[in-house]
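> Sharing protein_4.txt below, compact mmCIF, C-alpha atoms:
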```txt
# COMPACT_ATOMS: atom_id res chain seq x y z
CA MET A 1 -8.00 17.73 5.71
CA GLU A 2 -11.01 17.93 8.00
CA THR A 3 -12.67 14.84 6.58
CA ASN A 4 -9.35 12.95 6.54
CA GLY A 5 -8.81 13.60 10.20
CA GLN A 6 -12.32 12.47 10.90
CA ALA A 7 -11.97 9.25 8.91
CA ILE A 8 -8.71 8.38 10.61
CA GLY A 9 -10.13 9.06 14.01
CA VAL A 10 -13.03 6.82 13.14
CA LEU A 11 -10.69 3.95 12.26
CA GLY A 12 -8.76 4.42 15.49
CA ASP A 13 -11.50 2.43 17.22
CA PRO A 14 -10.73 -1.34 17.21
CA THR A 15 -14.35 -2.40 16.77
CA ARG A 16 -14.73 -0.13 13.77
CA ARG A 17 -11.50 -1.42 12.31
CA ALA A 18 -12.85 -4.97 12.71
CA ILE A 19 -16.10 -3.97 11.00
CA PHE A 20 -14.14 -2.25 8.24
CA GLU A 21 -12.04 -5.38 7.67
CA LEU A 22 -15.14 -7.57 7.51
CA LEU A 23 -16.69 -5.22 4.97
CA SER A 24 -13.51 -5.31 2.89
CA GLU A 25 -14.14 -9.05 2.55
CA ARG A 26 -17.83 -8.80 1.72
CA PRO A 27 -20.75 -6.39 1.88
CA SER A 28 -22.81 -7.18 4.96
CA SER A 29 -25.91 -6.27 6.92
CA VAL A 30 -25.97 -5.11 10.55
CA GLY A 31 -27.06 -8.62 11.54
CA ASP A 32 -24.19 -10.27 9.63
CA LEU A 33 -21.70 -7.99 11.37
CA ALA A 34 -23.24 -8.31 14.83
CA ALA A 35 -22.77 -12.09 14.61
CA LEU A 36 -19.03 -11.59 14.01
CA VAL A 37 -17.98 -8.83 16.40
CA PRO A 38 -18.31 -8.94 20.19
CA VAL A 39 -20.65 -5.97 20.55
CA SER A 40 -24.41 -5.61 20.49
CA ARG A 41 -26.41 -5.04 17.36
CA PRO A 42 -27.34 -1.45 18.34
CA ALA A 43 -23.65 -0.78 18.94
CA VAL A 44 -22.82 -2.11 15.46
CA SER A 45 -25.49 0.17 14.02
CA GLN A 46 -23.99 3.13 15.82
CA HIS A 47 -20.48 2.31 14.54
CA LEU A 48 -21.80 1.95 10.99
CA LYS A 49 -23.49 5.33 11.21
CA VAL A 50 -20.25 6.99 12.36
CA MET A 51 -18.27 5.30 9.59
CA LYS A 52 -20.84 6.22 6.98
CA ASP A 53 -20.82 9.85 8.13
CA ALA A 54 -17.02 9.84 7.78
CA GLY A 55 -17.32 8.77 4.12
CA LEU A 56 -15.92 5.29 4.62
CA LEU A 57 -19.03 3.29 3.77
CA MET A 58 -21.98 3.21 1.44
CA ASP A 59 -25.25 1.45 2.09
CA GLU A 60 -28.16 0.26 0.01
CA ARG A 61 -31.49 -1.35 0.75
CA ASP A 62 -31.90 -5.03 -0.14
CA GLY A 63 -35.47 -6.03 0.65
CA THR A 64 -35.88 -5.48 4.36
CA ARG A 65 -32.15 -5.32 5.04
CA ARG A 66 -29.64 -2.56 4.59
CA ILE A 67 -26.35 -3.76 3.11
CA TYR A 68 -23.16 -1.89 3.93
CA ARG A 69 -20.06 -1.90 1.75
CA LEU A 70 -16.82 0.07 1.51
CA ASP A 71 -16.97 3.17 -0.63
CA PRO A 72 -15.23 2.39 -3.97
CA ASP A 73 -14.00 5.98 -4.14
CA GLY A 74 -11.62 4.87 -1.43
CA VAL A 75 -10.16 2.29 -3.81
CA ALA A 76 -9.68 4.94 -6.48
CA GLU A 77 -7.81 7.10 -4.00
CA MET A 78 -5.60 4.20 -3.07
CA ARG A 79 -4.86 3.41 -6.68
CA ALA A 80 -3.89 7.04 -7.34
CA TYR A 81 -1.57 6.92 -4.37
CA VAL A 82 0.21 3.74 -5.52
CA ASP A 83 0.38 5.07 -9.08
CA ARG A 84 2.08 8.23 -7.88
CA PHE A 85 4.55 6.27 -5.83
CA TRP A 86 5.65 4.02 -8.72
CA ASN A 87 6.03 6.92 -11.13
CA LEU A 88 8.36 8.52 -8.61
CA ALA A 89 10.25 5.26 -8.01
CA MET A 90 10.66 4.43 -11.70
CA ALA A 91 11.98 7.92 -12.41
CA GLY A 92 14.58 7.23 -9.74
CA PHE A 93 15.43 3.93 -11.36
CA GLU A 94 15.86 5.58 -14.78
CA ARG A 95 18.18 8.21 -13.27
CA ARG A 96 20.25 5.55 -11.55
CA MET A 97 20.69 3.61 -14.78
CA GLU A 98 21.78 6.77 -16.59
CA GLN A 99 24.20 7.59 -13.78
CA ARG A 100 25.83 4.20 -14.11
CA ARG A 101 26.26 4.80 -17.82
CA GLU A 102 28.03 8.09 -17.09
CA GLU A 103 30.25 6.44 -14.51
CA THR A 104 31.43 3.72 -16.86
CA LYS A 105 32.21 6.13 -19.72
CA MET B 1 -14.47 -11.81 -2.07
CA SER B 2 -12.52 -8.62 -2.47
CA MET B 3 -14.10 -5.70 -4.23
CA SER B 4 -13.62 -5.86 -7.98
CA VAL B 5 -13.52 -2.12 -8.58
CA SER B 6 -9.76 -1.94 -8.26
CA THR B 7 -7.64 -2.03 -11.38
CA PRO B 8 -3.88 -2.59 -11.21
CA VAL B 9 -1.43 0.25 -11.33
CA GLU B 10 0.78 -0.12 -14.41
CA VAL B 11 3.98 1.82 -15.03
CA SER B 12 6.36 1.23 -17.94
CA THR B 13 9.67 2.81 -18.81
CA GLU B 14 12.84 2.28 -20.82
CA VAL B 15 16.22 2.56 -19.18
CA GLN B 16 19.84 2.76 -20.26
CA GLY B 17 21.69 -0.53 -19.92
CA SER B 18 21.42 -4.19 -20.77
CA ILE B 19 18.64 -6.35 -19.41
CA GLU B 20 21.13 -7.96 -17.01
CA GLU B 21 22.25 -4.57 -15.70
CA ALA B 22 18.68 -3.36 -15.32
CA PHE B 23 17.63 -6.44 -13.39
CA HIS B 24 20.73 -6.27 -11.21
CA VAL B 25 20.25 -2.61 -10.29
CA PHE B 26 16.52 -3.03 -9.72
CA THR B 27 17.12 -5.86 -7.23
CA GLN B 28 20.61 -5.81 -5.71
CA ASP B 29 20.99 -2.05 -5.86
CA MET B 30 17.44 -1.15 -4.88
CA GLY B 31 18.53 1.36 -2.24
CA SER B 32 20.29 3.45 -4.90
CA TRP B 33 17.09 4.40 -6.69
CA TRP B 34 14.22 3.85 -4.26
CA PRO B 35 12.58 7.16 -3.27
CA ALA B 36 14.53 8.25 -0.21
CA ASP B 37 11.55 9.35 1.86
CA HIS B 38 9.54 6.21 1.29
CA HIS B 39 10.68 3.87 4.01
CA ILE B 40 8.88 2.13 6.78
CA LEU B 41 11.54 2.59 9.47
CA GLN B 42 11.52 5.18 12.23
CA ALA B 43 15.32 5.47 12.02
CA GLU B 44 17.29 6.80 9.08
CA LEU B 45 17.81 4.17 6.41
CA ALA B 46 21.21 2.49 6.28
CA GLU B 47 20.50 0.11 3.40
CA MET B 48 17.90 -1.94 1.59
CA VAL B 49 18.66 -5.63 1.38
CA PHE B 50 17.21 -7.77 -1.40
CA GLU B 51 17.45 -11.53 -0.86
CA PRO B 52 17.73 -12.92 -4.40
CA ARG B 53 15.62 -16.07 -4.28
CA VAL B 54 12.01 -17.17 -4.13
CA GLY B 55 11.06 -16.89 -0.47
CA GLY B 56 13.68 -14.19 0.07
CA ARG B 57 12.71 -10.86 1.55
CA ILE B 58 13.27 -7.20 0.92
CA ILE B 59 14.45 -5.58 4.13
CA ASP B 60 14.89 -1.96 5.14
CA LYS B 61 17.75 -1.63 7.62
CA GLY B 62 18.10 1.44 9.81
CA VAL B 63 21.28 3.15 11.04
CA ASP B 64 20.25 2.16 14.59
CA GLY B 65 20.23 -1.55 13.68
CA SER B 66 16.46 -1.80 13.26
CA GLU B 67 15.20 -4.02 10.46
CA CYS B 68 11.96 -4.12 8.60
CA PRO B 69 11.24 -6.91 6.12
CA TRP B 70 8.37 -5.56 4.05
CA ALA B 71 8.23 -7.83 1.01
CA ARG B 72 8.51 -11.50 0.08
CA VAL B 73 10.04 -12.55 -3.23
CA LEU B 74 7.43 -14.66 -5.05
CA VAL B 75 9.05 -15.02 -8.48
CA TYR B 76 12.76 -14.62 -9.11
CA ASP B 77 13.68 -15.22 -12.73
CA PRO B 78 16.72 -13.09 -13.63
CA PRO B 79 16.97 -11.14 -15.83
CA ASN B 80 13.36 -11.39 -17.00
CA GLN B 81 10.91 -11.21 -14.15
CA LEU B 82 10.56 -10.39 -10.48
CA VAL B 83 7.39 -10.60 -8.39
CA PHE B 84 7.25 -9.54 -4.77
CA SER B 85 4.54 -9.09 -2.19
CA TRP B 86 3.80 -5.64 -0.80
CA ASP B 87 3.42 -6.33 2.90
CA ILE B 88 2.81 -2.78 4.03
CA THR B 89 -0.49 -1.69 5.48
CA LEU B 90 -2.01 1.63 4.67
CA THR B 91 -1.22 2.75 8.20
CA TRP B 92 2.42 2.16 7.26
CA GLN B 93 3.02 -0.91 9.37
CA VAL B 94 4.22 -4.30 8.25
CA GLU B 95 1.26 -6.36 7.10
CA THR B 96 1.46 -9.77 8.76
CA ASP B 97 -1.58 -11.25 7.04
CA PRO B 98 -0.61 -12.27 3.48
CA SER B 99 -4.25 -12.14 2.39
CA HIS B 100 -4.06 -8.36 2.93
CA SER B 101 -0.93 -7.92 0.82
CA SER B 102 -0.80 -6.66 -2.73
CA GLU B 103 1.70 -7.78 -5.36
CA VAL B 104 4.27 -6.11 -7.60
CA ASP B 105 5.15 -7.84 -10.88
CA VAL B 106 8.17 -6.44 -12.76
CA ARG B 107 9.13 -7.64 -16.23
CA PHE B 108 12.32 -6.74 -18.10
CA THR B 109 12.55 -6.86 -21.89
CA SER B 110 15.65 -6.17 -23.96
CA VAL B 111 14.93 -3.61 -26.68
CA ALA B 112 18.61 -3.10 -27.66
CA ALA B 113 21.99 -4.21 -26.35
CA ASP B 114 22.05 -1.24 -24.00
CA ARG B 115 18.40 -0.46 -23.59
CA THR B 116 15.79 -2.26 -21.50
CA ARG B 117 12.08 -1.91 -21.16
CA VAL B 118 10.61 -2.30 -17.69
CA ASP B 119 6.91 -3.03 -17.18
CA LEU B 120 5.71 -2.86 -13.62
CA VAL B 121 2.25 -3.90 -12.45
CA HIS B 122 1.09 -3.40 -8.85
CA ARG B 123 -2.04 -5.50 -8.49
CA ASN B 124 -4.54 -6.63 -5.84
CA ILE B 125 -4.32 -3.24 -4.21
CA GLU B 126 -7.86 -3.64 -2.91
CA ARG B 127 -6.66 -6.46 -0.66
CA HIS B 128 -5.25 -3.85 1.70
CA GLY B 129 -8.90 -3.22 2.42
CA ASP B 130 -9.12 -1.58 5.77
CA GLY B 131 -7.51 1.76 6.16
CA TRP B 132 -7.28 3.08 2.63
CA GLU B 133 -9.13 6.16 3.73
CA GLN B 134 -5.96 7.11 5.55
CA MET B 135 -4.18 7.47 2.23
CA ARG B 136 -6.27 10.38 1.08
CA GLY B 137 -4.28 12.84 3.12
CA ALA B 138 -1.00 11.29 2.02
CA VAL B 139 -1.91 11.72 -1.63
CA ASP B 140 -2.68 15.35 -1.08
CA SER B 141 0.21 16.01 1.27
CA PRO B 142 3.04 18.12 -0.19
CA GLU B 143 5.44 16.34 2.14
CA GLY B 144 4.59 13.03 0.54
CA TRP B 145 4.24 9.58 1.91
CA THR B 146 6.22 9.19 5.11
CA VAL B 147 5.45 12.51 6.65
CA GLY B 148 1.79 12.24 5.78
CA LEU B 149 1.38 8.78 7.19
CA GLY B 150 3.52 9.54 10.21
CA ARG B 151 1.18 12.36 10.99
CA PHE B 152 -1.81 10.08 10.63
CA ALA B 153 -0.23 7.43 12.81
CA ARG B 154 0.36 10.01 15.51
CA ARG B 155 -3.17 11.22 15.21
CA VAL B 156 -4.48 7.70 15.68
CA ALA B 157 -2.03 7.07 18.53
CA THR B 158 -3.03 10.18 20.41
CA GLY B 159 -6.63 9.08 20.13
CA SER B 160 -8.04 12.24 18.63
CA ALA B 161 -10.84 10.02 17.40
CA ASP B 162 -14.32 11.25 16.91
CA THR B 163 -16.37 8.96 19.07
CA PRO B 164 -20.09 8.42 18.79
CA GLU B 165 -21.95 10.47 21.37
```
Could you quickly redo this structure as structure tokens?


Amino acid sequence: METNGQAIGVLGDPTRRAIFELLSERPSSVGDLAALVPVSRPAVSQHLKVMKDAGLLMDERDGTRRIYRLDPDGVAEMRAYVDRFWNLAMAGFERRMEQRREETK
Amino acid sequence: MSMSVSTPVEVSTEVQGSIEEAFHVFTQDMGSWWPADHHILQAELAEMVFEPRVGGRIIDKGVDGSECPWARVLVYDPPNQLVFSWDITLTWQVETDPSHSSEVDVRFTSVAADRTRVDLVHRNIERHGDGWEQMRGAVDSPEGWTVGLGRFARRVATGSADTPE
């Protein structure tokens, strides 16, 4: 839970949330992001470092630029979460349908 | 462009009852089977209201009179198909930007007079984008969804953020 707490804390900052949303739309460089959020380029770099350290982002070199993107492991986690929810919900639905059958007997 | 690494969640089952009954219970009687702890309201749930038309909403209503519409009906074709938007953010708030919503597609198929197959697909999950990291704890939490996310929301609200420097 240590890393979870850290990641959540990291996203509690509105600038980082804005950066995170932008990266959910497309992978971007520091320069791309700095043009879109109202903070300086060094500040964007600092936010990216914090988010990367928290496991939210990945980066890769593209020529002279570094491109940041969301970590796809996060998507896998999300999918697992939704999957678990629907299995629970559908089991409830099955039970309800069986119950109705009993009631009408 | 959204990331393409996300694949839809697919769940299928067969239930007792005709296709008409299954569709009716799934929609009009949603509160009778929906997991009790999985609601967006602060208050205790009084009922779930399903508005049976395209453009209708699914609304959680609390015992204190609070209301939370958390889905829009996109396809309503009884008793065969239902599609609704999933307008809930990963921080467990109502998502007001439709481009950040995912989508649930439910199809009903009659396999016998009193038996119905239900195929559910929850797609475009990656559109929720920001905040999915917050789900990790919820997945692992023995208390499940609401408690886990409530805890995260409090943590964010109390500002226990790690700040640079």

> Kindly give the distance, in Å, that separates atom CA of B:Phe26 and atom CA of B:Ser99, rounded to a single decimal.

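Atom-to-atom, atom CA of B:Phe26 to atom CA of B:Ser99, that is 25.7 Å.
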
> Figure out the distance between atom CA of B:His24 and atom CA of A:Arg95, please, to one decimal in Å.

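A separation of 14.8 Å between them.
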
> Write out as a PyMOL selection string each polymer residue whose atoms come within 9 Å of A:Arg100, counting all atoms listed in the file; drop sequence neighbours fewer than 4 positions from it.

(chain A and resi 95-96+104-105) or (chain B and resi 16-17)

> Find the distance between atom CA of A:Arg69 and atom CA of A:Leu57 and write it in Å to one decimal.

5.7 Å

> Let me make sure I understand: among A:Ser24, A:Gln99, A:Ser29, A:Ser40, which one has the smallest atom-to-atom distance to chain B if we use only C-alpha atoms?

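Smallest separation from chain B among the options: A:Ser24.
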